[in-house]
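J.: Take a look at this one; I'll ask things after.
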Amino acid sequence: MSRHCPAFRMTRYVLPLLVWLVTLCPPHAAHAEGCAELGAGQQLPTLDNAKLSPRTQLLCNARYAVLYSGLAHEPLWSAEHLDTAMIRAAMSTPRRGDFHPDPRIAPGERAELEDYVRSGFDRGHMSPSGDMPDEQTQEETFLLSNIVPQRAALNRGRWEEIESAVRRLTLREGELYVVTGPAFHGATLSAIGTDRVLVPTSTWKAIYDPRREQTGVYVCHNVARAPGCSHVSVAELTHVTGIDPFPALPARLKQTCMALPLGTTGTTRARTHTRTHRAPRYHRRRSRHIYYRW
């Protein structure tokens, strides 16, 4: 059985609970100079919505970086720079690791192992352990600062397939910049554990291919049955989440979605079909072609 904390009312579609909590919590800005080489053009992702920034902390690891939110108790994004040598080494590295809290984060701000116990959710990696070239870097991905609550149907199914497809694409293209994170959208928002780790309604993975100068984003619904996935542009991702995964890139590269491995799946089509008959009220308020994906 899932164990949830009470749902919170949301006033807007992009991390509304964080917006509400801003008034309660002093801000701590994140600084990106510590591991900028992991971002395209030597720039890590930025927050276009300044209300997301309070109580954030940039955490640099050997092969990935995260912007951790002490309000959400999870990362807002996790950034990697993948190349052929890294992925080939990862393919020959045995998969092992133990989840553990991140000691760099103060108690009360960090997620704990107990938050996920009997919650009904997997501990879903944002930067996957399968990308890492050795046991040390793989172990770093098991820090809970790199983890969000993810339904098993997504985490062990389509999401794992997308992670593998991105590795194959790296081998084909030579290098990729990848940024992954959670999105929150809907009438209510739930959380798990005594630390109230927020449950994403979807998770996304943004790709930049420097060789082709193309970008694209996977978005997958975080639901218990038949999770659907979509392909969207980086511009749409930024509009919906308030996060720009590739701030160094010109706007023209963010307007369309590149051809990504793995097509979209059934839930998106079903919701599109339903929308033409009777759309939920929040779909009718603004640009309907955007919100059904999230």
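Here, A, B, ... name the chains of the structure tokens in the order displayed, residue numbers run from 1 inside each chain, and ligands are numbered from 1 in the same displayed order.
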Got a sec: who's within 12 Å of Gly216 of chain A, counting only C-alpha atoms, leaving out chain neighbours fewer than 5 positions off, as JSON, numbers by chain?

T.: {"A": [166, 176, 177, 178, 179, 180, 204, 205, 206, 207, 208, 209, 230, 231, 232, 233, 234, 235, 236, 237, 238, 245, 246, 253, 254, 255, 256, 257, 258, 259, 260, 261]}

J.: How would you write, as a PyMOL selection string, the set of residues in segment 104-263 of chain A that DSSP gives as strand (DSSP E)?

T.: chain A and resi 122-125+147-150+175-183+188-192+197-198+202-209+214-221+229-232+243-244

J.: Check the smallest atom-to-atom distance from each of A:Val199, A:Leu52, A:Ala40, A:Ile147 to Glu213 of chain A using only C-alpha atoms, then report the winner.

T.: A:Ala40

J.: Find the distance between atom CA of Asp195 of chain A and atom CA of Ala111 of chain A and write it in Å to one decimal.

T.: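 Interatomic distance, atom CA of Asp195 of chain A to atom CA of Ala111 of chain A: 6.4 Å.
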
J.: Would you mind telling me which residue in A:Val148, A:Leu67, A:Ala62, A:Val219 lies nearest to Ala191 of chain A when using only C-alpha atoms?

T.: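 For Ala191 of chain A, the nearest of the given residues is A:Val148.
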
J.: So that I can see what lies close to Glu173 of chain A, please list as a ChimeraX atom specification the residues with an atom at most 9 Å from it, counting only C-alpha atoms and leaving out residues fewer than 4 positions away in the same chain.

T.: /A:83-84,168-169,209-212

J.: Just want the 10 Å neighbourhood of Gly108 of chain A, counted on only C-alpha atoms, with same-chain residues fewer than 3 positions away dropped. Output as a list in words.

T.: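 Listed by chain and then number, they are Gly70, Leu71, His73, Ile105, Ala111, Glu112, Thr194 and Asp195 of chain A.
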
J.: What lies within 12 Å of Ala165 of chain A using only C-alpha atoms, ignoring chain neighbours under 4 positions off, as a ChimeraX atom specification?

T.: /A:87,130-131,158-161,169-172,205,207,218,260-263

J.: Identify, on the basis of only C-alpha atoms, every residue whose closest approach to Glu139 of chain A does not exceed 9 Å; exclude the query and any residue fewer than 4 positions from it along the same chain; express the result as a list in words.

T.: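 Returned residues: Arg96, Gly97, Asp98, Phe99, Ser129, Met132, Asp134, Glu135 and Leu143 of chain A.
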
J.: Between A:Arg156, A:Arg167, A:His100, A:Arg151, which residue has the minimum interatomic distance to Ser127 of chain A, considering only C-alpha atoms?

T.: A:Arg167

J.: Which of these, A:Ala90, A:Ile192, A:Ala251, A:Ala72, has the shortest distance to Val117 of chain A once you count only C-alpha atoms?

T.: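 Of A:Ala90, A:Ile192, A:Ala251, A:Ala72, the one nearest Val117 of chain A, counting only C-alpha atoms, is A:Ile192.
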
J.: As a list of chain:residue names, please: every residue in segment 158-196 of chain A that a backbone DSSP assignment puts in helix (DSSP H, G or I).

T.: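 Here is the list: A:Arg158, A:Trp159, A:Glu160, A:Glu161, A:Ile162, A:Glu163, A:Ser164, A:Ala165, A:Val166, A:Arg167, A:Arg168, A:Leu169, A:Thr170, A:Leu171, A:Arg172, A:Glu173.
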
J.: Find the residues near Glu74 of chain A: any atom within 6 Å, counting only C-alpha atoms, skip ones fewer than 4 places away on the same chain, and give them as a PDB file with N, CA, C and O atoms, in the first residue's frame.

T.:
ATOM      1  N   TYR A  68      19.761  20.562  -5.893  1.00  0.00           N
ATOM      2  CA  TYR A  68      18.892  19.920  -4.909  1.00  0.00           C
ATOM      3  C   TYR A  68      17.998  20.959  -4.252  1.00  0.00           C
ATOM      4  O   TYR A  68      18.445  22.054  -3.909  1.00  0.00           O
ATOM      5  N   SER A  69      16.729  20.600  -4.066  1.00  0.00           N
ATOM      6  CA  SER A  69      15.773  21.479  -3.403  1.00  0.00           C
ATOM      7  C   SER A  69      15.474  20.966  -2.007  1.00  0.00           C
ATOM      8  O   SER A  69      14.966  19.843  -1.843  1.00  0.00           O
ATOM      9  N   SER A 145      20.043  12.469  -3.058  1.00  0.00           N
ATOM     10  CA  SER A 145      19.973  13.782  -3.714  1.00  0.00           C
ATOM     11  C   SER A 145      19.819  13.657  -5.220  1.00  0.00           C
ATOM     12  O   SER A 145      19.548  14.659  -5.905  1.00  0.00           O
ATOM     13  N   VAL A 148      14.184  10.592  -7.150  1.00  0.00           N
ATOM     14  CA  VAL A 148      12.811  11.073  -6.957  1.00  0.00           C
ATOM     15  C   VAL A 148      11.887   9.869  -6.824  1.00  0.00           C
ATOM     16  O   VAL A 148      12.212   8.769  -7.287  1.00  0.00           O
TER      17      VAL A 148
END

J.: With distances taken over only C-alpha atoms, which residue among A:Gly186, A:Gly157, A:Gly193, A:Gly41 lies nearest Arg118 of chain A?

T.: A:Gly193

J.: Please compute the atom CA of Pro250 of chain A-atom CA of His81 of chain A distance, one decimal, in Å.

T.: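 Answer for the atom CA of Pro250 of chain A to atom CA of His81 of chain A separation: 18.7 Å.
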
J.: For the interface of segment 134-169 of chain A with segment 220-226 of chain A (cut-off 7 Å, counting only C-alpha atoms), please tabulate each contacting residue of segment 134-169 of chain A alongside its nearest pair of atoms and their separation in Å to one decimal, rows sorted by chain and increasing number, as a Markdown table.

T.:
| residue | atom | partner | partner_atom | distance |
| --- | --- | --- | --- | --- |
| A:Gln150 | CA | A:Asn222 | CA | 6.2 |
| A:Arg151 | CA | A:Ala224 | CA | 5.6 |
| A:Ala153 | CA | A:Ala224 | CA | 5.8 |
| A:Leu154 | CA | A:Asn222 | CA | 6.4 |
